[in-house]
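Asker: Supplied structure: entry-v6.txt, compact mmCIF, C-alpha atoms.
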```txt
# COMPACT_ATOMS: atom_id res chain seq x y z
CA ASN A 301 -145.46 -109.87 -84.92
CA ALA A 302 -142.84 -107.15 -84.54
CA GLY A 303 -140.21 -109.77 -83.67
CA VAL A 304 -137.28 -108.33 -81.72
CA THR A 305 -137.24 -104.56 -81.28
CA GLN A 306 -134.42 -102.40 -79.93
CA THR A 307 -134.25 -98.76 -78.92
CA PRO A 308 -132.56 -96.43 -79.50
CA LYS A 309 -131.04 -97.01 -82.96
CA PHE A 310 -128.17 -94.60 -82.29
CA GLN A 311 -126.70 -93.14 -79.13
CA VAL A 312 -123.73 -90.96 -78.25
CA LEU A 313 -122.52 -90.94 -74.66
CA LYS A 314 -119.76 -89.20 -72.81
CA THR A 315 -117.32 -91.24 -70.76
CA GLY A 316 -118.81 -92.01 -67.36
CA GLN A 317 -122.45 -91.62 -68.35
CA SER A 318 -124.89 -94.47 -67.88
CA MET A 319 -127.74 -95.58 -70.06
CA THR A 320 -130.08 -98.47 -70.80
CA LEU A 321 -130.51 -100.17 -74.15
CA GLN A 322 -133.99 -101.53 -74.52
CA CYS A 323 -134.91 -104.87 -76.07
CA ALA A 324 -138.32 -106.48 -76.41
CA GLN A 325 -139.67 -109.53 -78.21
CA ASP A 326 -143.25 -110.59 -78.85
CA MET A 327 -142.65 -114.24 -79.76
CA ASN A 328 -142.87 -115.59 -76.19
CA HIS A 329 -139.28 -116.81 -76.46
CA GLU A 330 -137.60 -118.11 -73.35
CA TYR A 331 -134.01 -117.40 -74.34
CA MET A 332 -132.64 -113.89 -74.88
CA SER A 333 -129.11 -112.61 -75.42
CA TRP A 334 -127.12 -109.44 -75.82
CA TYR A 335 -124.18 -109.33 -78.22
CA ARG A 336 -121.73 -106.69 -79.26
CA GLN A 337 -120.35 -106.55 -82.78
CA ASP A 338 -116.93 -105.08 -83.40
CA PRO A 339 -115.03 -104.98 -86.71
CA GLY A 340 -113.07 -108.17 -87.33
CA MET A 341 -114.34 -109.82 -84.15
CA GLY A 342 -117.72 -111.22 -85.06
CA LEU A 343 -120.36 -111.22 -82.34
CA ARG A 344 -119.46 -111.62 -78.69
CA LEU A 345 -121.98 -112.57 -76.01
CA ILE A 346 -122.37 -110.06 -73.17
CA HIS A 347 -125.21 -111.50 -71.08
CA TYR A 348 -127.99 -113.97 -71.61
CA SER A 349 -131.22 -115.17 -70.01
CA VAL A 350 -132.99 -118.53 -70.11
CA GLY A 351 -136.23 -117.17 -68.69
CA ALA A 352 -137.81 -114.45 -66.59
CA GLY A 353 -135.78 -113.88 -63.45
CA ILE A 354 -132.76 -115.85 -64.72
CA THR A 355 -129.70 -114.15 -66.19
CA ASP A 356 -126.05 -115.05 -66.52
CA GLN A 357 -122.79 -113.68 -67.88
CA GLY A 358 -121.47 -114.30 -71.33
CA GLU A 359 -118.00 -113.82 -72.76
CA VAL A 360 -117.63 -110.04 -72.20
CA PRO A 361 -119.88 -109.00 -69.27
CA ASN A 362 -117.72 -106.36 -67.59
CA GLY A 363 -119.29 -102.92 -67.51
CA TYR A 364 -122.77 -104.20 -68.32
CA ASN A 365 -125.77 -105.25 -66.28
CA VAL A 366 -129.03 -106.98 -67.26
CA SER A 367 -132.33 -107.97 -65.73
CA ARG A 368 -135.28 -110.02 -66.97
CA SER A 369 -138.42 -109.22 -65.05
CA THR A 370 -140.75 -110.33 -67.86
CA THR A 371 -140.51 -112.79 -70.73
CA GLU A 372 -140.75 -109.93 -73.24
CA ASP A 373 -138.14 -107.46 -72.03
CA PHE A 374 -134.39 -107.75 -71.60
CA PRO A 375 -132.72 -104.35 -71.05
CA LEU A 376 -128.95 -103.88 -71.06
CA ARG A 377 -127.48 -101.27 -68.75
CA LEU A 378 -124.14 -99.57 -69.20
CA LEU A 379 -123.07 -98.58 -65.73
CA SER A 380 -120.32 -96.07 -66.53
CA ALA A 381 -119.64 -95.79 -70.24
CA ALA A 382 -116.09 -96.12 -71.56
CA PRO A 383 -114.72 -95.58 -75.10
CA SER A 384 -114.04 -99.34 -75.27
CA GLN A 385 -117.82 -99.84 -75.23
CA THR A 386 -118.21 -98.09 -78.57
CA SER A 387 -119.83 -100.82 -80.63
CA VAL A 388 -122.99 -102.06 -82.26
CA TYR A 389 -125.23 -103.94 -79.83
CA PHE A 390 -127.66 -106.65 -80.85
CA CYS A 391 -130.37 -108.30 -78.84
CA ALA A 392 -131.53 -111.77 -79.87
CA SER A 393 -134.18 -114.22 -78.79
CA GLN A 394 -134.69 -117.93 -79.29
CA GLY A 395 -137.54 -120.28 -78.56
CA GLY A 396 -137.08 -122.94 -75.92
CA ARG A 397 -136.05 -125.60 -78.37
CA ALA A 398 -132.37 -126.39 -78.10
CA LEU A 399 -132.11 -126.73 -81.87
CA GLY A 400 -133.69 -123.38 -82.68
CA GLU A 401 -132.16 -120.42 -84.42
CA GLN A 402 -131.87 -116.96 -82.94
CA TYR A 403 -133.87 -113.91 -84.05
CA PHE A 404 -131.98 -110.64 -83.95
CA GLY A 405 -133.09 -107.07 -83.41
CA PRO A 406 -131.95 -104.26 -85.74
CA GLY A 407 -129.17 -103.14 -83.41
CA THR A 408 -128.09 -100.05 -81.48
CA ARG A 409 -125.01 -98.16 -82.62
CA LEU A 410 -123.33 -96.69 -79.53
CA THR A 411 -120.48 -94.19 -79.54
CA VAL A 412 -118.72 -93.26 -76.32
CA THR A 413 -116.55 -90.14 -76.48
CA ALA B 1150 -113.48 -124.99 -76.62
CA GLN B 1151 -115.58 -124.23 -79.65
CA SER B 1152 -114.32 -122.11 -82.49
CA VAL B 1153 -115.18 -121.21 -86.04
CA ALA B 1154 -113.04 -119.76 -88.80
CA GLN B 1155 -114.06 -117.86 -91.88
CA PRO B 1156 -110.77 -117.61 -93.77
CA GLU B 1157 -111.87 -114.97 -96.29
CA ASP B 1158 -112.65 -111.42 -95.26
CA GLN B 1159 -114.27 -110.78 -98.64
CA VAL B 1160 -115.50 -112.85 -101.56
CA ASN B 1161 -116.06 -111.25 -104.94
CA VAL B 1162 -118.23 -112.90 -107.57
CA ALA B 1163 -119.99 -111.81 -110.74
CA GLU B 1164 -123.76 -111.98 -110.91
CA GLY B 1165 -124.92 -115.31 -112.32
CA ASN B 1166 -121.79 -117.16 -111.22
CA PRO B 1167 -121.77 -119.72 -108.41
CA LEU B 1168 -120.58 -118.54 -105.01
CA THR B 1169 -118.95 -120.23 -102.04
CA VAL B 1170 -118.33 -118.74 -98.62
CA LYS B 1171 -116.05 -120.91 -96.52
CA CYS B 1172 -116.40 -121.95 -92.89
CA THR B 1173 -114.44 -124.42 -90.80
CA TYR B 1174 -115.17 -125.27 -87.19
CA SER B 1175 -113.80 -126.97 -84.11
CA VAL B 1176 -115.90 -128.59 -81.38
CA SER B 1177 -115.14 -131.40 -79.00
CA GLY B 1178 -118.33 -133.30 -79.80
CA ASN B 1179 -120.89 -133.17 -82.57
CA PRO B 1180 -121.75 -129.74 -83.96
CA TYR B 1181 -124.82 -127.66 -84.57
CA LEU B 1182 -123.94 -125.30 -87.44
CA PHE B 1183 -125.67 -122.13 -88.60
CA TRP B 1184 -125.35 -119.49 -91.29
CA TYR B 1185 -126.65 -115.96 -90.80
CA VAL B 1186 -126.69 -112.99 -93.17
CA GLN B 1187 -126.45 -109.31 -92.23
CA TYR B 1188 -127.54 -106.61 -94.64
CA PRO B 1189 -126.28 -103.03 -94.06
CA ASN B 1190 -127.62 -101.43 -90.89
CA ARG B 1191 -129.70 -104.49 -90.07
CA GLY B 1192 -129.56 -107.31 -87.55
CA LEU B 1193 -128.53 -110.83 -88.45
CA GLN B 1194 -131.05 -113.02 -90.27
CA PHE B 1195 -131.07 -116.80 -90.10
CA LEU B 1196 -130.29 -118.57 -93.39
CA LEU B 1197 -129.94 -122.26 -92.60
CA LYS B 1198 -128.73 -124.78 -90.06
CA TYR B 1199 -127.30 -128.27 -89.83
CA ILE B 1200 -128.48 -130.36 -86.93
CA THR B 1201 -128.26 -133.95 -88.12
CA GLY B 1202 -129.08 -136.09 -91.13
CA ASP B 1203 -128.50 -135.08 -94.72
CA ASN B 1204 -125.16 -133.36 -95.18
CA LEU B 1205 -126.61 -130.94 -97.76
CA VAL B 1206 -128.82 -128.36 -96.12
CA LYS B 1207 -131.07 -126.03 -98.09
CA GLY B 1208 -132.04 -122.64 -96.74
CA SER B 1209 -133.54 -119.28 -97.57
CA TYR B 1210 -133.01 -117.30 -100.80
CA GLY B 1211 -131.61 -120.31 -102.70
CA PHE B 1212 -128.62 -120.83 -100.40
CA GLU B 1213 -127.38 -124.23 -99.36
CA ALA B 1214 -124.52 -125.52 -97.25
CA GLU B 1215 -122.67 -128.80 -97.13
CA PHE B 1216 -121.60 -130.34 -93.86
CA ASN B 1217 -118.31 -132.23 -94.18
CA LYS B 1218 -117.37 -133.97 -90.95
CA SER B 1219 -113.96 -135.20 -92.07
CA GLN B 1220 -112.91 -131.71 -93.14
CA THR B 1221 -114.83 -130.00 -90.30
CA SER B 1222 -116.32 -127.61 -92.81
CA PHE B 1223 -119.71 -126.09 -93.50
CA HIS B 1224 -119.33 -124.01 -96.66
CA LEU B 1225 -122.20 -121.83 -97.87
CA LYS B 1226 -123.06 -122.08 -101.56
CA LYS B 1227 -125.42 -120.72 -104.15
CA PRO B 1228 -125.54 -121.85 -107.80
CA SER B 1229 -126.19 -118.39 -109.25
CA ALA B 1230 -125.35 -115.21 -107.35
CA LEU B 1231 -127.53 -112.09 -107.36
CA VAL B 1232 -126.41 -108.51 -106.74
CA SER B 1233 -128.90 -108.49 -103.85
CA ASP B 1234 -126.91 -111.29 -102.16
CA SER B 1235 -124.20 -108.74 -101.35
CA ALA B 1236 -124.01 -108.71 -97.55
CA LEU B 1237 -122.00 -109.89 -94.56
CA TYR B 1238 -122.25 -113.63 -93.83
CA PHE B 1239 -121.60 -115.26 -90.48
CA CYS B 1240 -121.02 -118.91 -89.72
CA ALA B 1241 -121.75 -120.08 -86.16
CA VAL B 1242 -121.24 -123.33 -84.26
CA ARG B 1243 -121.94 -124.92 -80.94
CA ASP B 1244 -121.42 -128.36 -79.51
CA ARG B 1245 -124.65 -130.37 -79.22
CA ASN B 1246 -123.95 -130.97 -75.54
CA THR B 1247 -123.82 -127.26 -74.69
CA GLY B 1248 -126.51 -124.65 -74.17
CA PHE B 1249 -127.70 -122.00 -76.62
CA GLN B 1250 -125.43 -119.44 -74.97
CA LYS B 1251 -122.37 -121.32 -76.17
CA LEU B 1252 -122.99 -120.44 -79.82
CA VAL B 1253 -119.75 -119.07 -81.31
CA PHE B 1254 -119.76 -116.80 -84.35
CA GLY B 1255 -117.08 -116.41 -86.97
CA THR B 1256 -115.69 -113.00 -87.86
CA GLY B 1257 -117.81 -112.74 -90.97
CA THR B 1258 -117.21 -112.75 -94.73
CA ARG B 1259 -118.31 -109.88 -96.88
CA LEU B 1260 -119.81 -111.06 -100.16
CA LEU B 1261 -119.73 -108.60 -103.03
CA VAL B 1262 -121.66 -109.55 -106.16
CA SER B 1263 -120.93 -107.35 -109.14
CA PRO B 1264 -123.44 -106.77 -111.97
```
Produce structure tokens that represent the structure in this file.
Answerer:
Amino acid sequence: NAGVTQTPKFQVLKTGQSMTLQCAQDMNHEYMSWYRQDPGMGLRLIHYSVGAGITDQGEVPNGYNVSRSTTEDFPLRLLSAAPSQTSVYFCASQGGRALGEQYFGPGTRLTVT
Amino acid sequence: AQSVAQPEDQVNVAEGNPLTVKCTYSVSGNPYLFWYVQYPNRGLQFLLKYITGDNLVKGSYGFEAEFNKSQTSFHLKKPSALVSDSALYFCAVRDRNTGFQKLVFGTGTRLLVSP
């Protein structure tokens, strides 16, 4: 199993540009999440999904959009990039058990200039 | 509201010495507690978790953590540190009565093990 994969690994955007960060998992996990990691702030939840067709907002959803058309894929869209969105983005998945741990992708380092 | 505190930004320890990375938490009910490790330029990897039962939890790579309800702590420990243990460590907590999306992460503690 590849686990959780993310593309691209690095991206530089100009303010106002849009892009999609890709995330896929091959573990048939129901739950998927997007986090951003900023220095001194730990991980903050952007959006999450409890199954195909079901998404909801996390702690810091503004400026981001998600969809979940299949169990495997959970892309994150930046609608109009801003410098405040410069961060490292992690996708994670978790099996349906409430007690389970999350599996993280390798991350995407995004810089918005 | 749930919260977790990792009071040390960095912990320095010599190889072969025991290590402790501290974590305290706050939840309204009973907690689920997790430790994750992040190596440079990698995603977080699960180390161990406390759900219920024995207060001493054993995890990957020789790490263990002790749940202390009275002190609301879940410190990560290892009897003998290795240079390869150098990484960023995150504690996370959620209330048992909340969903997976309510998991709250600490700000992380950088562990530096010197040869």
Asker: When distances are computed from only C-alpha atoms, which of B:Gly1211, B:Gly1255, B:Gly1202, B:Pro1156 shows the smallest separation from Tyr1185 (chain B)?
Answerer: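 The answer is B:Gly1255, which sits nearest to Tyr1185 (chain B).
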Asker: Considering all atoms listed in the file, extract the chain B residues located within 6 Å of chain A and return them as an MDAnalysis selection string.
Answerer: chainID B and resid 1191:1193 1254:1256
Asker: Could you check the closest approach to Ala1241 (chain B) for each of B:Trp1184, B:Ala1150, B:Glu1215, B:Val1176 and tell me which residue wins, using all atoms listed in the file?
Answerer: B:Trp1184
Asker: Could you pull the residues within 6 Å of region 1217-1227 of chain B, counting only C-alpha atoms, minus those fewer than 2 positions along the same chain, as number ranges by chain?
Answerer: B: 1167-1174, 1212-1215, 1229
Asker: Would you mind telling me which residue in B:Phe1239, B:Leu1231, B:Val1262, B:Asp1244 lies nearest to Gln1187 (chain B) when using only C-alpha atoms?
Answerer: B:Phe1239
Asker: Figure out the distance between CA of Phe1195 (chain B) and CA of Gln1159 (chain B), please, to one decimal in Å.
Answerer: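 Atom-to-atom, CA of Gln1159 (chain B) to CA of Phe1195 (chain B), that is 19.8 Å.
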Asker: Please, what distance in Å, to one decimal, runs between CA of Ser393 (chain A) and CA of Glu1157 (chain B)?
Answerer: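 Answer for the CA of Ser393 (chain A) to CA of Glu1157 (chain B) separation: 28.4 Å.
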Asker: For the atom pair CA of Gln322 (chain A) and CA of Ser384 (chain A), what is the interatomic distance in Å to one decimal place?
Answerer: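 Rounded to one decimal, the two atoms are 20.1 Å apart.
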